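Student: The following file, model26.pdb, comprises PDB, C-alpha atoms and all ligand atoms:
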```pdb
ATOM      1  CA  MET A   1     121.875 112.158 112.338
ATOM      2  CA  GLY A   2     124.052 111.005 109.448
ATOM      3  CA  CYS A   3     123.148 114.076 107.371
ATOM      4  CA  ALA A   4     123.936 116.358 110.321
ATOM      5  CA  ASP A   5     127.334 114.668 110.920
ATOM      6  CA  VAL A   6     126.237 113.599 114.404
ATOM      7  CA  ILE A   7     127.205 110.100 113.291
ATOM      8  CA  GLU A   8     129.256 109.045 110.254
ATOM      9  CA  MET A   9     127.813 107.093 107.355
ATOM     10  CA  ASP A  10     129.311 105.509 104.256
ATOM     11  CA  GLU A  11     128.206 105.698 100.599
ATOM     12  CA  SER A  12     125.683 102.905 101.078
ATOM     13  CA  GLY A  13     123.631 105.247 103.292
ATOM     14  CA  ALA A  14     122.903 102.185 105.392
ATOM     15  CA  ARG A  15     126.117 101.757 107.447
ATOM     16  CA  PHE A  16     126.702 104.062 110.403
ATOM     17  CA  ARG A  17     129.503 104.618 112.905
ATOM     18  CA  ILE A  18     130.018 106.630 116.092
ATOM     19  CA  GLY A  19     133.738 107.103 116.728
ATOM     20  CA  ALA A  20     134.993 106.934 120.316
ATOM     21  CA  GLU A  21     136.724 110.287 119.694
ATOM     22  CA  ARG A  22     133.242 111.883 119.493
ATOM     23  CA  ALA A  23     132.226 110.707 122.975
ATOM     24  CA  VAL A  24     132.788 113.988 124.820
ATOM     25  CA  GLU A  25     131.123 116.088 122.145
ATOM     26  CA  LEU A  26     128.110 113.779 121.923
ATOM     27  CA  ARG A  27     127.744 113.517 125.701
ATOM     28  CA  MET A  28     127.478 117.312 125.815
ATOM     29  CA  ALA A  29     125.231 117.498 122.748
ATOM     30  CA  VAL A  30     122.430 115.529 124.416
ATOM     31  CA  PRO A  31     121.650 117.944 127.285
ATOM     32  CA  PHE A  32     122.373 120.903 125.000
ATOM     33  CA  ALA A  33     119.748 119.576 122.558
ATOM     34  CA  THR A  34     117.153 119.638 125.351
ATOM     35  CA  PHE A  35     117.556 123.425 125.321
ATOM     36  CA  VAL A  36     115.931 123.616 121.885
ATOM     37  CA  PRO A  37     112.416 122.771 123.177
ATOM     38  CA  LEU A  38     113.131 124.677 126.426
ATOM     39  CA  LEU A  39     114.021 127.901 124.633
ATOM     40  CA  SER A  40     111.283 127.471 122.014
ATOM     41  CA  GLN A  41     108.698 127.782 124.806
ATOM     42  CA  VAL A  42     109.494 131.477 125.154
ATOM     43  CA  PHE A  43     109.700 132.403 121.480
ATOM     44  CA  GLY A  44     106.584 134.627 121.730
ATOM     45  CA  ASP A  45     107.767 136.194 124.994
ATOM     46  CA  ILE A  46     111.124 137.109 123.469
ATOM     47  CA  GLU A  47     109.409 138.497 120.389
ATOM     48  CA  SER A  48     107.229 140.736 122.592
ATOM     49  CA  CYS A  49     110.366 142.178 124.267
ATOM     50  CA  PHE A  50     111.236 143.732 120.907
ATOM     51  CA  GLN A  51     107.911 145.572 120.656
ATOM     52  CA  PRO A  52     108.083 149.289 121.595
ATOM     53  CA  SER A  53     105.794 148.834 124.620
ATOM     54  CA  GLY A  54     106.861 145.227 125.305
ATOM     55  CA  PRO A  55     108.407 143.958 128.554
ATOM     56  CA  ASN A  56     112.147 144.209 129.206
ATOM     57  CA  GLY A  57     112.635 140.521 129.817
ATOM     58  CA  VAL A  58     111.131 137.132 130.640
ATOM     59  CA  SER A  59     110.494 135.575 134.043
ATOM     60  CA  TYR A  60     112.166 132.267 135.032
ATOM     61  CA  ASP A  61     108.642 130.842 135.564
ATOM     62  CA  LYS A  62     108.129 130.776 131.797
ATOM     63  CA  TYR A  63     110.866 128.157 131.299
ATOM     64  CA  THR A  64     109.297 124.842 132.329
ATOM     65  CA  ASP A  65     111.878 122.394 133.695
ATOM     66  CA  PHE A  66     114.754 124.851 133.335
ATOM     67  CA  HIS A  67     116.571 123.670 136.468
ATOM     68  CA  LYS A  68     116.340 119.981 135.573
ATOM     69  CA  LEU A  69     117.628 120.550 132.040
ATOM     70  CA  MET A  70     120.370 122.896 133.253
ATOM     71  CA  ASN A  71     121.469 120.254 135.720
ATOM     72  CA  GLY A  72     121.797 117.811 132.791
ATOM     73  CA  LEU A  73     124.399 120.146 131.275
ATOM     74  CA  THR A  74     126.225 120.585 134.575
ATOM     75  CA  VAL A  75     126.391 116.827 135.212
ATOM     76  CA  THR A  76     128.183 116.277 131.887
ATOM     77  CA  ALA A  77     130.497 119.227 132.471
ATOM     78  CA  PHE A  78     131.470 119.575 136.137
ATOM     79  CA  GLU A  79     133.019 116.320 137.294
ATOM     80  CA  PRO A  80     134.643 115.110 134.059
ATOM     81  CA  MET A  81     135.780 118.405 132.567
ATOM     82  CA  VAL A  82     135.962 121.130 135.210
ATOM     83  CA  LEU A  83     136.802 119.626 138.598
ATOM     84  CA  PRO A  84     140.151 118.035 137.609
ATOM     85  CA  CYS A  85     141.232 121.447 136.243
ATOM     86  CA  LEU A  86     140.234 123.227 139.472
ATOM     87  CA  PHE A  87     142.477 120.843 141.409
ATOM     88  CA  THR A  88     145.365 121.544 139.023
ATOM     89  CA  GLN A  89     144.838 125.302 139.085
ATOM     90  CA  MET A  90     144.547 125.401 142.907
ATOM     91  CA  PRO A  91     147.064 122.723 143.943
ATOM     92  CA  ASP A  92     146.259 122.995 147.679
ATOM     93  CA  LEU A  93     142.483 122.722 147.260
ATOM     94  CA  GLU A  94     142.077 118.942 147.420
ATOM     95  CA  GLU A  95     144.054 118.752 150.646
ATOM     96  CA  LYS A  96     142.060 121.611 152.192
ATOM     97  CA  LEU A  97     138.757 119.977 151.211
ATOM     98  CA  SER A  98     139.975 116.685 152.698
ATOM     99  CA  SER A  99     140.891 118.327 156.014
ATOM    100  CA  GLY A 100     137.635 120.277 156.186
ATOM    101  CA  ILE A 101     136.728 123.737 154.933
ATOM    102  CA  ILE A 102     133.486 125.636 154.497
ATOM    103  CA  CYS A 103     132.332 126.412 150.959
ATOM    104  CA  LEU A 104     129.498 128.318 149.297
ATOM    105  CA  ASP A 105     128.032 127.826 145.818
ATOM    106  CA  VAL A 106     126.057 130.820 144.517
ATOM    107  CA  GLY A 107     123.174 130.285 142.061
ATOM    108  CA  CYS A 108     123.401 126.545 142.642
ATOM    109  CA  GLY A 109     120.344 125.293 140.728
ATOM    110  CA  LEU A 110     120.126 121.580 141.556
ATOM    111  CA  ALA A 111     123.611 121.881 143.078
ATOM    112  CA  GLU A 112     125.455 119.137 141.195
ATOM    113  CA  PRO A 113     128.889 120.625 142.139
ATOM    114  CA  SER A 114     128.076 120.932 145.876
ATOM    115  CA  ARG A 115     126.522 117.450 146.067
ATOM    116  CA  ASN A 116     129.417 115.962 144.109
ATOM    117  CA  LEU A 117     132.028 117.600 146.370
ATOM    118  CA  ALA A 118     130.056 116.824 149.539
ATOM    119  CA  LYS A 119     130.248 113.108 148.681
ATOM    120  CA  LYS A 120     133.968 113.228 147.978
ATOM    121  CA  PHE A 121     134.913 115.405 150.963
ATOM    122  CA  PRO A 122     132.833 114.478 154.035
ATOM    123  CA  ASN A 123     134.955 116.664 156.358
ATOM    124  CA  SER A 124     134.001 119.837 154.493
ATOM    125  CA  GLN A 125     130.714 121.729 154.694
ATOM    126  CA  PHE A 126     128.985 122.907 151.506
ATOM    127  CA  TYR A 127     126.437 125.716 151.523
ATOM    128  CA  ALA A 128     124.441 126.222 148.316
ATOM    129  CA  ILE A 129     122.014 129.045 147.573
ATOM    130  CA  ASP A 130     119.586 129.827 144.787
ATOM    131  CA  PHE A 131     116.656 132.222 144.668
ATOM    132  CA  SER A 132     114.488 129.560 143.083
ATOM    133  CA  ALA A 133     112.634 127.771 145.899
ATOM    134  CA  SER A 134     111.791 124.922 143.524
ATOM    135  CA  SER A 135     115.438 124.296 142.566
ATOM    136  CA  ILE A 136     116.396 124.289 146.257
ATOM    137  CA  ALA A 137     113.608 121.777 147.018
ATOM    138  CA  GLN A 138     114.824 119.493 144.196
ATOM    139  CA  ALA A 139     118.465 119.843 145.277
ATOM    140  CA  LYS A 140     117.512 118.901 148.874
ATOM    141  CA  GLU A 141     115.698 115.822 147.631
ATOM    142  CA  LEU A 142     118.709 114.697 145.566
ATOM    143  CA  ALA A 143     121.042 115.255 148.539
ATOM    144  CA  SER A 144     118.812 113.295 150.892
ATOM    145  CA  LYS A 145     118.711 110.354 148.430
ATOM    146  CA  ASP A 146     122.512 110.257 148.811
ATOM    147  CA  ASN A 147     122.273 110.663 152.616
ATOM    148  CA  LEU A 148     124.443 113.755 152.495
ATOM    149  CA  ASN A 149     124.465 115.725 155.733
ATOM    150  CA  ASN A 150     127.334 118.111 154.898
ATOM    151  CA  VAL A 151     125.472 120.103 152.247
ATOM    152  CA  HIS A 152     123.111 122.892 153.318
ATOM    153  CA  PHE A 153     120.627 124.545 150.982
ATOM    154  CA  PHE A 154     119.074 127.986 151.217
ATOM    155  CA  ALA A 155     116.511 129.751 149.042
ATOM    156  CA  MET A 156     118.238 133.137 149.037
ATOM    157  CA  ASP A 157     118.960 136.086 146.741
ATOM    158  CA  ALA A 158     122.643 136.192 145.842
ATOM    159  CA  ALA A 159     122.476 139.985 145.933
ATOM    160  CA  GLN A 160     121.529 139.812 149.649
ATOM    161  CA  LEU A 161     123.359 136.921 151.258
ATOM    162  CA  ASP A 162     122.785 136.110 154.921
ATOM    163  CA  LYS A 163     123.944 139.007 157.133
ATOM    164  CA  GLU A 164     125.606 136.530 159.507
ATOM    165  CA  TRP A 165     127.888 135.146 156.771
ATOM    166  CA  THR A 166     130.496 137.955 156.698
ATOM    167  CA  ASN A 167     134.035 136.421 156.460
ATOM    168  CA  LYS A 168     132.568 132.902 156.746
ATOM    169  CA  PHE A 169     133.697 130.945 153.672
ATOM    170  CA  ASP A 170     137.045 129.427 152.664
ATOM    171  CA  TRP A 171     135.995 129.002 149.035
ATOM    172  CA  VAL A 172     133.088 130.436 147.046
ATOM    173  CA  THR A 173     132.034 129.100 143.639
ATOM    174  CA  ALA A 174     129.499 130.264 141.061
ATOM    175  CA  VAL A 175     128.913 127.879 138.180
ATOM    176  CA  ASP A 176     127.358 129.399 135.083
ATOM    177  CA  ALA A 177     125.475 131.801 137.333
ATOM    178  CA  ILE A 178     127.042 135.278 137.402
ATOM    179  CA  HIS A 179     126.220 136.271 133.810
ATOM    180  CA  ASP A 180     122.514 135.552 134.527
ATOM    181  CA  GLN A 181     122.342 137.941 137.440
ATOM    182  CA  ALA A 182     120.117 140.990 137.310
ATOM    183  CA  HIS A 183     122.610 142.797 139.560
ATOM    184  CA  PRO A 184     125.963 141.046 139.080
ATOM    185  CA  ARG A 185     127.963 143.859 140.680
ATOM    186  CA  LYS A 186     125.947 143.606 143.924
ATOM    187  CA  VAL A 187     126.303 139.823 143.868
ATOM    188  CA  LEU A 188     130.080 140.007 143.455
ATOM    189  CA  LYS A 189     130.279 142.500 146.347
ATOM    190  CA  GLU A 190     128.266 140.094 148.485
ATOM    191  CA  ILE A 191     130.620 137.267 147.526
ATOM    192  CA  VAL A 192     133.560 139.404 148.635
ATOM    193  CA  ARG A 193     131.819 140.115 151.949
ATOM    194  CA  VAL A 194     131.211 136.447 152.778
ATOM    195  CA  LEU A 195     134.684 135.216 151.779
ATOM    196  CA  LYS A 196     137.252 134.953 154.560
ATOM    197  CA  PRO A 197     140.109 137.450 154.082
ATOM    198  CA  GLY A 198     142.454 136.028 151.421
ATOM    199  CA  ALA A 199     139.986 133.249 150.424
ATOM    200  CA  ARG A 200     139.335 132.355 146.802
ATOM    201  CA  PHE A 201     136.404 132.808 144.442
ATOM    202  CA  SER A 202     136.101 130.370 141.528
ATOM    203  CA  MET A 203     133.728 131.607 138.878
ATOM    204  CA  ILE A 204     133.070 128.939 136.274
ATOM    205  CA  ASP A 205     131.577 130.741 133.314
ATOM    206  CA  VAL A 206     131.261 130.669 129.562
ATOM    207  CA  LYS A 207     134.475 131.145 127.613
ATOM    208  CA  GLY A 208     133.655 134.331 125.718
ATOM    209  CA  THR A 209     136.091 137.065 124.747
ATOM    210  CA  SER A 210     133.684 140.062 125.000
ATOM    211  CA  ASN A 211     134.101 140.473 121.214
ATOM    212  CA  ALA A 212     131.757 138.579 118.861
ATOM    213  CA  TYR A 213     134.343 138.479 116.048
ATOM    214  CA  GLU A 214     136.930 136.921 118.374
ATOM    215  CA  ASP A 215     134.285 134.533 119.797
ATOM    216  CA  LYS A 216     133.636 133.172 116.321
ATOM    217  CA  LYS A 217     137.384 132.626 115.797
ATOM    218  CA  THR A 218     137.958 131.098 119.252
ATOM    219  CA  LEU A 219     134.872 128.908 119.694
ATOM    220  CA  GLY A 220     133.930 128.298 116.054
ATOM    221  CA  GLY A 221     130.832 129.562 114.272
ATOM    222  CA  GLY A 222     128.383 126.893 115.496
ATOM    223  CA  ASN A 223     129.489 126.944 119.112
ATOM    224  CA  SER A 224     129.621 130.717 119.418
ATOM    225  CA  ALA A 225     126.290 131.181 117.609
ATOM    226  CA  GLY A 226     124.722 128.506 119.863
ATOM    227  CA  HIS A 227     125.783 130.423 122.951
ATOM    228  CA  TYR A 228     124.582 133.781 121.592
ATOM    229  CA  ILE A 229     121.221 132.081 120.916
ATOM    230  CA  ALA A 230     121.103 130.743 124.505
ATOM    231  CA  SER A 231     121.916 134.276 125.640
ATOM    232  CA  LEU A 232     119.118 135.879 123.624
ATOM    233  CA  PHE A 233     116.544 133.267 124.629
ATOM    234  CA  HIS A 234     117.444 132.846 128.285
ATOM    235  CA  CYS A 235     120.378 134.560 129.983
ATOM    236  CA  MET A 236     119.695 138.127 128.853
ATOM    237  CA  PRO A 237     115.881 138.101 129.263
ATOM    238  CA  VAL A 238     115.926 136.525 132.755
ATOM    239  CA  SER A 239     118.292 139.269 133.914
ATOM    240  CA  LEU A 240     116.513 142.137 132.111
ATOM    241  CA  TYR A 241     113.179 141.002 133.573
ATOM    242  CA  PHE A 242     114.173 142.589 136.904
ATOM    243  CA  ASP A 243     114.239 146.344 137.537
ATOM    244  CA  GLY A 244     117.655 147.650 136.551
ATOM    245  CA  GLY A 245     118.736 144.211 135.272
ATOM    246  CA  GLU A 246     122.086 144.454 133.457
ATOM    247  CA  GLY A 247     121.461 141.671 130.938
ATOM    248  CA  LEU A 248     125.132 140.731 130.637
ATOM    249  CA  GLY A 249     124.249 137.579 128.726
ATOM    250  CA  THR A 250     126.009 134.266 128.200
ATOM    251  CA  MET A 251     128.746 135.785 126.059
ATOM    252  CA  TRP A 252     129.758 138.640 128.381
ATOM    253  CA  GLY A 253     133.292 137.315 128.082
ATOM    254  CA  ALA A 254     136.628 137.510 129.840
ATOM    255  CA  ALA A 255     137.243 141.242 129.380
ATOM    256  CA  VAL A 256     133.947 142.270 131.015
ATOM    257  CA  ALA A 257     134.210 139.537 133.664
ATOM    258  CA  SER A 258     137.691 140.670 134.720
ATOM    259  CA  GLU A 259     136.484 144.267 134.928
ATOM    260  CA  LEU A 260     133.550 143.311 137.211
ATOM    261  CA  LEU A 261     135.699 141.095 139.454
ATOM    262  CA  ALA A 262     138.192 143.936 139.934
ATOM    263  CA  GLU A 263     135.390 146.485 140.546
ATOM    264  CA  ALA A 264     134.021 144.251 143.322
ATOM    265  CA  GLY A 265     137.428 144.278 145.017
ATOM    266  CA  LEU A 266     138.576 140.784 144.036
ATOM    267  CA  LEU A 267     142.309 140.542 143.416
ATOM    268  CA  ASP A 268     144.639 138.818 140.938
ATOM    269  CA  ALA A 269     141.838 137.648 138.620
ATOM    270  CA  LYS A 270     143.198 135.005 136.271
ATOM    271  CA  THR A 271     141.321 133.210 133.504
ATOM    272  CA  PHE A 272     142.067 129.518 133.090
ATOM    273  CA  ASP A 273     140.789 127.105 130.453
ATOM    274  CA  THR A 274     139.089 123.937 131.606
ATOM    275  CA  ASP A 275     138.765 120.667 129.688
ATOM    276  CA  HIS A 276     135.288 121.837 128.729
ATOM    277  CA  PRO A 277     135.402 123.517 125.301
ATOM    278  CA  VAL A 278     133.300 126.510 126.367
ATOM    279  CA  MET A 279     133.812 126.892 130.122
ATOM    280  CA  SER A 280     136.533 129.014 131.721
ATOM    281  CA  HIS A 281     137.641 129.219 135.333
ATOM    282  CA  TYR A 282     137.997 132.795 136.577
ATOM    283  CA  LEU A 283     140.008 132.597 139.765
ATOM    284  CA  SER A 284     140.422 135.545 142.113
ATOM    285  CA  HIS A 285     140.670 136.174 145.844
ATOM    286  CA  LYS A 286     139.563 138.557 148.542
ATOM    287  CA  PRO A 287     142.281 140.839 149.891
ATOM    288  CA  VAL A 288     143.892 139.681 153.118
ATOM    289  CA  HIS A 289     143.402 143.142 154.630
ATOM    290  CA  THR A 290     139.787 144.103 154.147
ATOM    291  CA  SER A 291     139.435 147.469 155.868
ATOM    292  CA  ASN A 292     138.410 149.131 152.544
ATOM    293  CA  ILE A 293     135.652 146.648 151.674
TER     294      ILE A 293
HETATM  295  C1  LIG B   1     122.362 128.915 134.511
HETATM  296  S1  LIG B   1     121.751 128.438 136.055
HETATM  297  C2  LIG B   1     123.127 127.534 136.744
HETATM  298  C3  LIG B   1     122.722 126.628 137.869
HETATM  299  C4  LIG B   1     123.835 125.776 138.466
HETATM  300  N1  LIG B   1     124.904 126.593 139.001
HETATM  301  C5  LIG B   1     124.347 124.785 137.472
HETATM  302  O1  LIG B   1     125.469 124.977 136.972
HETATM  303  O2  LIG B   1     123.657 123.813 137.184
HETATM  304  C6  LIG B   1     121.802 129.959 136.976
HETATM  305  C7  LIG B   1     121.176 129.840 138.339
HETATM  306  O3  LIG B   1     121.298 131.087 139.026
HETATM  307  C8  LIG B   1     120.120 131.280 139.775
HETATM  308  N2  LIG B   1     120.020 132.722 140.075
HETATM  309  C9  LIG B   1     119.904 133.736 139.186
HETATM  310  N3  LIG B   1     119.850 134.914 139.835
HETATM  311  C10 LIG B   1     119.941 134.639 141.169
HETATM  312  C11 LIG B   1     119.956 135.439 142.352
HETATM  313  N4  LIG B   1     119.877 136.776 142.311
HETATM  314  N5  LIG B   1     120.083 134.817 143.527
HETATM  315  C12 LIG B   1     120.197 133.465 143.606
HETATM  316  N6  LIG B   1     120.169 132.664 142.531
HETATM  317  C13 LIG B   1     120.053 133.240 141.317
HETATM  318  C14 LIG B   1     119.011 130.738 138.903
HETATM  319  O4  LIG B   1     117.828 130.423 139.628
HETATM  320  C15 LIG B   1     119.693 129.501 138.308
HETATM  321  O5  LIG B   1     119.478 128.356 139.098
END
```
Could you rewrite the structure in this file as structure tokens?
Ligand SMILES: C[S@@+](CC[C@H](N)C(=O)[O-])C[C@H]1O[C@@H](n2cnc3c(N)ncnc32)[C@H](O)[C@@H]1O

Tutor:
Amino acid sequence: MGCADVIEMDESGARFRIGAERAVELRMAVPFATFVPLLSQVFGDIESCFQPSGPNGVSYDKYTDFHKLMNGLTVTAFEPMVLPCLFTQMPDLEEKLSSGIICLDVGCGLAEPSRNLAKKFPNSQFYAIDFSASSIAQAKELASKDNLNNVHFFAMDAAQLDKEWTNKFDWVTAVDAIHDQAHPRKVLKEIVRVLKPGARFSMIDVKGTSNAYEDKKTLGGGNSAGHYIASLFHCMPVSLYFDGGEGLGTMWGAAVASELLAEAGLLDAKTFDTDHPVMSHYLSHKPVHTSNI
């Protein structure tokens, strides 16, 4: 760890220090490090995708414990580094959540954000969907340990949300989930359908620029390369595995994201930084008059 600059050491090679200023970085490094064994599991599968008659992608089933490890990343990121920024960027949100609104999280995994918000805002209702039945089962178990009865889980494809949900939600979120979609354009259209007219969509996604050269300058070599590796070993192959999968990848970036949000009919898309070094908040809303959607 000393040689890798994870911790500092002096000339003696026997005295070590972890500075308090490294706390955030180190807290994030731990769950990120768990992705090394996770992604190594599929090395052969990824290699076969590059063969002329190989598959297009890799199924989620091949990544043992993906949802648990992903949740480790979200726990370190959401409450300390993202949520305070959402409240600043949407100044009326905290008050609305306190009075009671109905929210949906798309591609929820173990649903750390919905469970976290459900605890803080008992008057609001939180719906959370994921197409992985196992992640939904684990999320339910975690919610029941906390006796939460205002969070509702559904094993559901984001590209085909419940037909009854048209104009239902006051706020829709998607945390680190849109770039993984096989059919992100369909998913965004579905999100527009289920939002109430004028209601907001908060997409929390990786802070790319849609230009690898700019990514290196903005995020630094190590950070940007790390996210391109995650993209190659997970985000692109899980999307390309499905027929017609777009394979946007982790580093799809702000330019492509803004284009897709606008194409889906979401208005006034703005990209905000969060306190997380590599997560952005893309905020947009459904038109108030929805006759064309
Ligand atoms: C990178 S994980 C993020 C999970 C969670 N939002 C978090 O931050 O911990 C992406 C999630 O999207 C889910 N997902 C991908 N495609 C989906 C689809 N078409 N419908 C529903 N969920 C989907 C995956 O199962 C996975 O749980």

Student: Running the PyMOL selection byres (((chain A and resi 90) around 12) and not hetatm) on this model by hand, what would come out? Give it as an MDAnalysis selection string.

Tutor: chainID A and resid 83:89 91:97 171 199:202 270 272 281:285

Student: Within 9 Å of ligand LIG 1 (chain B), which residues show up when you count all atoms listed in the file? List them as a PyMOL selection string, please.

Tutor: chain A and resi 60+66-75+77-78+105-113+129-133+135-136+155-161+173-184+187+204+234-235+238-239

Student: Selection in question (the file shown): the PyMOL selection byres (((chain A and resi 102) around 9) and not hetatm). Which residues does it include, as number ranges by chain?

Tutor: A: 97, 100-101, 103-104, 124-127, 168-172

Student: Of the residues A:Trp165, A:Arg115, A:Tyr228, A:Glu263, which is the one nearest to Leu142 in chain A, using only C-alpha atoms?

Tutor: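 For Leu142 in chain A, the nearest of the given residues is A:Arg115.
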
Student: Record the distance separating CA of Lys186 in chain A and CA of Asp205 in chain A, expressed in Å with one decimal.

Tutor: 17.6 Å

Student: The PyMOL selection byres (((chain A and resi 20-29) around 12) and not hetatm) - which residues does that actually catch in the file I just gave you? List them as an mmCIF file with C-alpha atoms, keeping the file's coordinate frame.

Tutor:
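Listing of selection.cif after writing:
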```
data_model
loop_
_atom_site.group_PDB
_atom_site.id
_atom_site.type_symbol
_atom_site.label_atom_id
_atom_site.label_comp_id
_atom_site.auth_asym_id
_atom_site.auth_seq_id
_atom_site.Cartn_x
_atom_site.Cartn_y
_atom_site.Cartn_z
ATOM 1 C CA MET A 1 121.875 112.158 112.338
ATOM 2 C CA ASP A 5 127.334 114.668 110.920
ATOM 3 C CA VAL A 6 126.237 113.599 114.404
ATOM 4 C CA ILE A 7 127.205 110.100 113.291
ATOM 5 C CA GLU A 8 129.256 109.045 110.254
ATOM 6 C CA ARG A 17 129.503 104.618 112.905
ATOM 7 C CA ILE A 18 130.018 106.630 116.092
ATOM 8 C CA GLY A 19 133.738 107.103 116.728
ATOM 9 C CA VAL A 30 122.430 115.529 124.416
ATOM 10 C CA PRO A 31 121.650 117.944 127.285
ATOM 11 C CA PHE A 32 122.373 120.903 125.000
ATOM 12 C CA ALA A 33 119.748 119.576 122.558
ATOM 13 C CA THR A 34 117.153 119.638 125.351
ATOM 14 C CA PHE A 35 117.556 123.425 125.321
ATOM 15 C CA VAL A 36 115.931 123.616 121.885
ATOM 16 C CA MET A 70 120.370 122.896 133.253
ATOM 17 C CA ASN A 71 121.469 120.254 135.720
ATOM 18 C CA GLY A 72 121.797 117.811 132.791
ATOM 19 C CA LEU A 73 124.399 120.146 131.275
ATOM 20 C CA THR A 74 126.225 120.585 134.575
ATOM 21 C CA VAL A 75 126.391 116.827 135.212
ATOM 22 C CA THR A 76 128.183 116.277 131.887
ATOM 23 C CA ALA A 77 130.497 119.227 132.471
ATOM 24 C CA PHE A 78 131.470 119.575 136.137
ATOM 25 C CA PRO A 80 134.643 115.110 134.059
ATOM 26 C CA MET A 81 135.780 118.405 132.567
ATOM 27 C CA ASN A 223 129.489 126.944 119.112
ATOM 28 C CA GLY A 226 124.722 128.506 119.863
ATOM 29 C CA ASP A 275 138.765 120.667 129.688
ATOM 30 C CA HIS A 276 135.288 121.837 128.729
ATOM 31 C CA PRO A 277 135.402 123.517 125.301
ATOM 32 C CA VAL A 278 133.300 126.510 126.367
#
```

Student: Counting all atoms listed in the file, which of A:Leu188, A:Ala230, A:Met251, A:Met203 gets nearest to Asp215 in chain A?

Tutor: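 For Asp215 in chain A, the nearest of the candidates is A:Met251.
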
Student: Which of these, A:Asn123, A:Asn167, A:Ser114, A:Thr64, has the shortest distance to Pro287 in chain A once you count only C-alpha atoms?

Tutor: A:Asn167

Student: Just the number, please: distance in Å from CA of Tyr241 in chain A to CA of Ser280 in chain A, one decimal.

Tutor: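 Atom-to-atom, CA of Tyr241 in chain A and CA of Ser280 in chain A are spaced 26.3 Å apart.
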
Student: Taking all atoms of range 66-72 of chain A that the file lists and extending 6 Å past them on each side, where is the centre of the axis-aligned box and how long are its edges? Answer in Å to one decimal, as AutoDock Vina command-line options.

Tutor:
```
--center_x 118.3 --center_y 121.3 --center_z 134.3 --size_x 19.0 --size_y 19.0 --size_z 16.4
```

Student: Would you mind reading off the distance between CA of Asp162 in chain A and CA of Glu190 in chain A, one decimal, in Å?

Tutor: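 Separating CA of Asp162 in chain A from CA of Glu190 in chain A is a distance of 9.3 Å.
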